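Below is coords.tsv, holding TSV, N, CA and C atoms.
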```tsv
chain	number	residue	atom	x	y	z
J	9	MET	N	1.32	21.80	-19.84
J	9	MET	CA	0.34	21.65	-18.77
J	9	MET	C	-0.15	20.21	-18.78
J	10	SER	N	-0.44	19.69	-17.60
J	10	SER	CA	-0.97	18.35	-17.46
J	10	SER	C	-2.21	18.39	-16.59
J	11	VAL	N	-3.28	17.83	-17.09
J	11	VAL	CA	-4.51	17.69	-16.32
J	11	VAL	C	-4.80	16.20	-16.24
J	12	LEU	N	-4.71	15.67	-15.03
J	12	LEU	CA	-5.07	14.27	-14.79
J	12	LEU	C	-6.45	14.25	-14.16
J	13	ILE	N	-7.33	13.48	-14.75
J	13	ILE	CA	-8.66	13.30	-14.16
J	13	ILE	C	-8.87	11.81	-13.98
J	14	GLN	N	-9.21	11.44	-12.78
J	14	GLN	CA	-9.52	10.04	-12.48
J	14	GLN	C	-11.00	9.98	-12.16
J	15	PHE	N	-11.72	9.11	-12.85
J	15	PHE	CA	-13.15	9.07	-12.59
J	15	PHE	C	-13.73	7.67	-12.72
J	16	ALA	N	-14.85	7.52	-12.06
J	16	ALA	CA	-15.65	6.30	-12.16
J	16	ALA	C	-17.06	6.73	-12.52
J	17	MET	N	-17.68	6.00	-13.41
J	17	MET	CA	-19.04	6.32	-13.84
J	17	MET	C	-19.76	5.02	-14.15
J	18	PHE	N	-21.00	4.94	-13.70
J	18	PHE	CA	-21.80	3.75	-14.00
J	18	PHE	C	-23.27	4.06	-13.76
J	19	PRO	N	-24.16	3.35	-14.46
J	19	PRO	CA	-25.58	3.53	-14.21
J	19	PRO	C	-25.98	2.80	-12.94
J	20	THR	N	-26.91	3.36	-12.20
J	20	THR	CA	-27.39	2.71	-10.98
J	20	THR	C	-28.74	2.04	-11.19
J	21	ASP	N	-29.27	2.12	-12.38
J	21	ASP	CA	-30.60	1.56	-12.64
J	21	ASP	C	-30.56	0.35	-13.58
J	22	LYS	N	-29.40	-0.33	-13.67
J	22	LYS	CA	-29.26	-1.42	-14.63
J	22	LYS	C	-28.89	-2.76	-13.96
J	23	GLY	N	-29.14	-2.87	-12.69
J	23	GLY	CA	-28.88	-4.12	-12.01
J	23	GLY	C	-27.48	-4.22	-11.43
J	24	GLU	N	-27.14	-5.43	-11.02
J	24	GLU	CA	-25.89	-5.66	-10.30
J	24	GLU	C	-24.66	-5.57	-11.18
J	25	SER	N	-24.71	-6.11	-12.39
J	25	SER	CA	-23.56	-6.08	-13.29
J	25	SER	C	-23.75	-4.98	-14.34
J	26	VAL	N	-22.81	-4.04	-14.34
J	26	VAL	CA	-22.90	-2.92	-15.29
J	26	VAL	C	-21.73	-2.93	-16.27
J	27	SER	N	-21.03	-4.05	-16.39
J	27	SER	CA	-19.86	-4.10	-17.26
J	27	SER	C	-20.14	-3.74	-18.71
J	28	PRO	N	-21.31	-4.06	-19.29
J	28	PRO	CA	-21.55	-3.61	-20.67
J	28	PRO	C	-21.54	-2.08	-20.80
J	29	TYR	N	-21.99	-1.41	-19.77
J	29	TYR	CA	-22.03	0.06	-19.80
J	29	TYR	C	-20.64	0.64	-19.58
J	30	VAL	N	-19.87	0.03	-18.68
J	30	VAL	CA	-18.50	0.47	-18.46
J	30	VAL	C	-17.67	0.24	-19.73
J	31	GLY	N	-17.89	-0.86	-20.40
J	31	GLY	CA	-17.20	-1.11	-21.68
J	31	GLY	C	-17.52	-0.03	-22.70
J	32	ARG	N	-18.76	0.41	-22.71
J	32	ARG	CA	-19.16	1.49	-23.62
J	32	ARG	C	-18.36	2.76	-23.31
J	33	LEU	N	-18.16	3.03	-22.03
J	33	LEU	CA	-17.40	4.22	-21.63
J	33	LEU	C	-15.94	4.10	-22.05
J	34	TRP	N	-15.37	2.91	-21.92
J	34	TRP	CA	-13.97	2.71	-22.34
J	34	TRP	C	-13.81	2.98	-23.83
J	35	ASP	N	-14.83	2.63	-24.62
J	35	ASP	CA	-14.78	2.94	-26.06
J	35	ASP	C	-14.74	4.45	-26.29
J	36	VAL	N	-15.52	5.19	-25.51
J	36	VAL	CA	-15.53	6.66	-25.62
J	36	VAL	C	-14.17	7.23	-25.23
J	37	ILE	N	-13.62	6.72	-24.15
J	37	ILE	CA	-12.32	7.22	-23.67
J	37	ILE	C	-11.23	6.91	-24.69
J	38	LYS	N	-11.21	5.71	-25.22
J	38	LYS	CA	-10.21	5.35	-26.23
J	38	LYS	C	-10.35	6.24	-27.46
J	39	ALA	N	-11.57	6.51	-27.88
J	39	ALA	CA	-11.81	7.33	-29.07
J	39	ALA	C	-11.39	8.79	-28.84
J	40	SER	N	-11.29	9.21	-27.59
J	40	SER	CA	-10.90	10.60	-27.32
J	40	SER	C	-9.47	10.87	-27.77
J	41	GLY	N	-8.64	9.83	-27.83
J	41	GLY	CA	-7.25	9.99	-28.25
J	41	GLY	C	-6.31	10.42	-27.14
J	42	PHE	N	-6.83	10.68	-25.96
J	42	PHE	CA	-5.98	11.07	-24.84
J	42	PHE	C	-5.39	9.83	-24.16
J	43	PRO	N	-4.21	9.95	-23.58
J	43	PRO	CA	-3.64	8.82	-22.85
J	43	PRO	C	-4.53	8.48	-21.65
J	44	TYR	N	-4.66	7.19	-21.36
J	44	TYR	CA	-5.49	6.78	-20.23
J	44	TYR	C	-4.96	5.49	-19.63
J	45	GLN	N	-5.32	5.28	-18.39
J	45	GLN	CA	-5.05	4.03	-17.69
J	45	GLN	C	-6.33	3.63	-16.98
J	46	THR	N	-6.66	2.37	-17.05
J	46	THR	CA	-7.89	1.93	-16.41
J	46	THR	C	-7.59	0.77	-15.47
J	47	ASN	N	-8.43	0.63	-14.46
J	47	ASN	CA	-8.33	-0.49	-13.55
J	47	ASN	C	-9.74	-0.91	-13.15
J	48	SER	N	-9.86	-1.77	-12.17
J	48	SER	CA	-11.18	-2.31	-11.82
J	48	SER	C	-12.10	-1.28	-11.16
J	49	MET	N	-11.56	-0.15	-10.71
J	49	MET	CA	-12.37	0.81	-9.97
J	49	MET	C	-12.53	2.17	-10.63
J	50	SER	N	-11.63	2.53	-11.55
J	50	SER	CA	-11.70	3.86	-12.15
J	50	SER	C	-10.82	3.92	-13.39
J	51	THR	N	-10.86	5.06	-14.04
J	51	THR	CA	-10.02	5.32	-15.20
J	51	THR	C	-9.40	6.70	-15.04
J	52	ALA	N	-8.11	6.81	-15.37
J	52	ALA	CA	-7.42	8.10	-15.35
J	52	ALA	C	-7.15	8.50	-16.80
J	53	VAL	N	-7.37	9.76	-17.10
J	53	VAL	CA	-7.14	10.32	-18.43
J	53	VAL	C	-6.28	11.56	-18.26
J	54	GLU	N	-5.31	11.75	-19.17
J	54	GLU	CA	-4.47	12.94	-19.12
J	54	GLU	C	-4.74	13.81	-20.34
J	55	THR	N	-5.04	15.08	-20.08
J	55	THR	CA	-5.27	16.05	-21.15
J	55	THR	C	-4.38	17.26	-20.89
J	56	GLU	N	-4.48	18.24	-21.77
J	56	GLU	CA	-3.69	19.46	-21.60
J	56	GLU	C	-4.50	20.60	-21.00
J	57	THR	N	-5.82	20.47	-20.97
J	57	THR	CA	-6.65	21.54	-20.40
J	57	THR	C	-7.76	20.93	-19.54
J	58	VAL	N	-8.23	21.74	-18.61
J	58	VAL	CA	-9.35	21.31	-17.77
J	58	VAL	C	-10.59	21.07	-18.63
J	59	GLU	N	-10.78	21.91	-19.61
J	59	GLU	CA	-11.96	21.77	-20.48
J	59	GLU	C	-11.95	20.43	-21.21
J	60	GLU	N	-10.78	20.02	-21.69
J	60	GLU	CA	-10.69	18.72	-22.37
J	60	GLU	C	-10.99	17.58	-21.40
J	61	ALA	N	-10.46	17.67	-20.19
J	61	ALA	CA	-10.70	16.62	-19.20
J	61	ALA	C	-12.19	16.50	-18.87
J	62	LEU	N	-12.81	17.63	-18.61
J	62	LEU	CA	-14.24	17.61	-18.31
J	62	LEU	C	-15.06	17.19	-19.53
J	63	GLY	N	-14.55	17.49	-20.72
J	63	GLY	CA	-15.23	17.05	-21.94
J	63	GLY	C	-15.26	15.54	-22.08
J	64	VAL	N	-14.19	14.87	-21.66
J	64	VAL	CA	-14.18	13.39	-21.70
J	64	VAL	C	-15.26	12.85	-20.77
J	65	VAL	N	-15.35	13.43	-19.57
J	65	VAL	CA	-16.39	12.99	-18.63
J	65	VAL	C	-17.77	13.24	-19.21
J	66	ALA	N	-17.98	14.39	-19.81
J	66	ALA	CA	-19.27	14.71	-20.42
J	66	ALA	C	-19.59	13.76	-21.57
J	67	ASP	N	-18.60	13.44	-22.39
J	67	ASP	CA	-18.81	12.50	-23.50
J	67	ASP	C	-19.22	11.12	-22.97
J	68	CYS	N	-18.59	10.71	-21.88
J	68	CYS	CA	-18.96	9.43	-21.28
J	68	CYS	C	-20.40	9.46	-20.78
J	69	TYR	N	-20.76	10.52	-20.08
J	69	TYR	CA	-22.14	10.64	-19.62
J	69	TYR	C	-23.11	10.60	-20.80
J	70	ASN	N	-22.78	11.32	-21.86
J	70	ASN	CA	-23.67	11.35	-23.03
J	70	ASN	C	-23.81	9.99	-23.68
J	71	ALA	N	-22.81	9.12	-23.53
J	71	ALA	CA	-22.91	7.76	-24.07
J	71	ALA	C	-23.89	6.91	-23.27
J	72	LEU	N	-24.10	7.23	-22.01
J	72	LEU	CA	-25.04	6.48	-21.17
J	72	LEU	C	-26.44	7.10	-21.14
J	73	LYS	N	-26.50	8.38	-21.38
J	73	LYS	CA	-27.74	9.15	-21.25
J	73	LYS	C	-28.95	8.56	-21.99
J	74	PRO	N	-28.80	8.06	-23.21
J	74	PRO	CA	-29.98	7.60	-23.94
J	74	PRO	C	-30.75	6.46	-23.28
J	75	ASP	N	-30.07	5.57	-22.54
J	75	ASP	CA	-30.78	4.43	-21.99
J	75	ASP	C	-30.53	4.18	-20.50
J	76	CYS	N	-29.96	5.16	-19.82
J	76	CYS	CA	-29.72	5.06	-18.38
J	76	CYS	C	-30.39	6.25	-17.69
J	77	ASN	N	-31.30	5.96	-16.79
J	77	ASN	CA	-32.02	7.04	-16.12
J	77	ASN	C	-31.25	7.64	-14.95
J	78	ARG	N	-30.32	6.87	-14.39
J	78	ARG	CA	-29.54	7.39	-13.26
J	78	ARG	C	-28.09	6.97	-13.43
J	79	VAL	N	-27.18	7.95	-13.43
J	79	VAL	CA	-25.75	7.70	-13.63
J	79	VAL	C	-25.00	8.30	-12.45
J	80	TYR	N	-24.17	7.47	-11.83
J	80	TYR	CA	-23.35	7.89	-10.70
J	80	TYR	C	-21.94	8.16	-11.20
J	81	THR	N	-21.36	9.30	-10.79
J	81	THR	CA	-20.01	9.66	-11.23
J	81	THR	C	-19.24	10.27	-10.07
J	82	THR	N	-17.99	9.85	-9.93
J	82	THR	CA	-17.06	10.51	-9.01
J	82	THR	C	-15.81	10.84	-9.80
J	83	PHE	N	-15.15	11.95	-9.44
J	83	PHE	CA	-13.86	12.22	-10.08
J	83	PHE	C	-12.98	13.09	-9.21
J	84	THR	N	-11.69	12.96	-9.46
J	84	THR	CA	-10.69	13.82	-8.86
J	84	THR	C	-9.82	14.34	-9.99
J	85	MET	N	-9.23	15.51	-9.77
J	85	MET	CA	-8.44	16.12	-10.83
J	85	MET	C	-7.17	16.72	-10.23
J	86	ASP	N	-6.07	16.56	-10.95
J	86	ASP	CA	-4.78	17.12	-10.56
J	86	ASP	C	-4.27	17.94	-11.74
J	87	VAL	N	-4.12	19.24	-11.54
J	87	VAL	CA	-3.69	20.15	-12.61
J	87	VAL	C	-2.30	20.68	-12.28
J	88	ARG	N	-1.36	20.46	-13.20
J	88	ARG	CA	0.00	20.98	-13.04
J	88	ARG	C	0.34	21.81	-14.27
J	89	GLN	N	0.54	23.08	-14.06
J	89	GLN	CA	0.80	23.97	-15.18
J	89	GLN	C	2.24	23.89	-15.68
J	90	ASP	N	3.13	23.37	-14.86
J	90	ASP	CA	4.55	23.35	-15.23
J	90	ASP	C	5.06	21.96	-15.62
J	91	HIS	N	4.17	21.01	-15.85
J	91	HIS	CA	4.59	19.66	-16.19
J	91	HIS	C	3.75	19.09	-17.33
J	92	SER	N	4.26	18.03	-17.93
J	92	SER	CA	3.48	17.26	-18.91
J	92	SER	C	3.80	15.79	-18.69
J	93	ASN	N	3.01	14.93	-19.30
J	93	ASN	CA	3.19	13.48	-19.20
J	93	ASN	C	3.22	13.01	-17.75
J	94	CYS	N	2.39	13.58	-16.92
J	94	CYS	CA	2.39	13.26	-15.49
J	94	CYS	C	1.89	11.85	-15.19
J	95	MET	N	0.98	11.34	-15.97
J	95	MET	CA	0.44	10.02	-15.69
J	95	MET	C	1.56	8.99	-15.66
J	96	GLU	N	2.43	9.03	-16.63
J	96	GLU	CA	3.54	8.09	-16.70
J	96	GLU	C	4.65	8.46	-15.73
J	97	ASN	N	5.00	9.72	-15.67
J	97	ASN	CA	6.13	10.16	-14.85
J	97	ASN	C	5.87	10.02	-13.35
J	98	LYS	N	4.62	10.20	-12.90
J	98	LYS	CA	4.31	10.05	-11.48
J	98	LYS	C	4.56	8.61	-11.02
J	99	VAL	N	4.19	7.66	-11.84
J	99	VAL	CA	4.40	6.25	-11.50
J	99	VAL	C	5.88	5.92	-11.49
J	100	LYS	N	6.60	6.38	-12.51
J	100	LYS	CA	8.05	6.13	-12.56
J	100	LYS	C	8.76	6.71	-11.35
J	101	SER	N	8.37	7.92	-10.97
J	101	SER	CA	9.00	8.56	-9.82
J	101	SER	C	8.76	7.77	-8.54
J	102	ALA	N	7.54	7.32	-8.34
J	102	ALA	CA	7.23	6.54	-7.14
J	102	ALA	C	7.99	5.21	-7.14
J	103	LEU	N	8.08	4.57	-8.30
J	103	LEU	CA	8.80	3.30	-8.39
J	103	LEU	C	10.29	3.47	-8.07
J	104	ASN	N	10.86	4.62	-8.36
J	104	ASN	CA	12.25	4.90	-8.05
J	104	ASN	C	12.50	4.97	-6.54
J	105	HIS	N	11.43	5.12	-5.76
J	105	HIS	CA	11.57	5.27	-4.32
J	105	HIS	C	11.07	4.04	-3.56
J	106	THR	N	10.97	2.92	-4.23
J	106	THR	CA	10.55	1.69	-3.58
J	106	THR	C	11.62	0.63	-3.72
J	107	SER	N	11.69	-0.24	-2.76
J	107	SER	CA	12.69	-1.32	-2.84
J	107	SER	C	12.14	-2.55	-3.54
J	108	ASN	N	10.84	-2.52	-3.89
J	108	ASN	CA	10.20	-3.68	-4.51
J	108	ASN	C	9.36	-3.26	-5.72
J	109	PRO	N	9.98	-2.80	-6.80
J	109	PRO	CA	9.19	-2.30	-7.94
J	109	PRO	C	8.39	-3.35	-8.66
```
Translate the structure of the given file into structure tokens.
Amino acid sequence: MSVLIQFAMFPTDKGESVSPYVGRLWDVIKASGFPYQTNSMSTAVETETVEEALGVVADCYNALKPDCNRVYTTFTMDVRQDHSNCMENKVKSALNHTSNP
């Protein structure tokens, strides 16, 4: 089974630049041990269960909770019961169908 969760999370009460808080979240995600990919707008994490995926999001929120009064979060999730390693394989598959990889 593959559960891909893509999410963005940041405090809204810490001014214009929130990179120190986002960096804190990346530490939590890395420590989870799950495969992940990050970019300037969000992070994708792949787990084997929905509970694990939501647990990563909860752990991230808990890392901000002590000193952030307002936290904004968005996420999308793709669950495939008959596949694994979807984060890597989805990109490879798409690249196979482009003339400019």
* Structure fact -> Students should find that atom N of Val11 in chain J and atom C of Val79 in chain J are spaced 24.2 Å
* Asked: Interatomic distance between CA of Glu56 in chain J and CA of Met9 in chain J?
  -> 5.4 Å
* To do: Enumerate the residues of range 11-109 of chain J with a DSSP assignment of strand (DSSP E), computed from the backbone, and present them as a PyMOL selection string.
  => chain J and resi 11-19+44-46+51-55+79-88
* Between J:Leu33, J:Gln45, J:Leu12, J:Arg78, which one has atoms that come closest to Ser92 in chain J, using only C-alpha atoms? -> J:Leu12
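Atom N of Glu96 in chain J to atom N of Asp67 in chain J spans 22.2 Å [interatomic distance, one decimal].
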* To do: Show which residues sit within 7 Å of range 18-22 of chain J, as a ChimeraX atom specification. Count only C-alpha atoms, and ignore same-chain residues fewer than 5 positions away.
  => /J:29-30,76-81
* Looking only at alpha helix (DSSP H) from DSSP on the backbone, list the matching residues of chain J as a PyMOL selection string. => chain J and resi 27-40+58-72+94-103
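Closest approach to Ser40 in chain J from the set J:Leu103, J:Val53, J:Val58, J:Ala71 is made by J:Val53, with distances taken over only C-alpha atoms.
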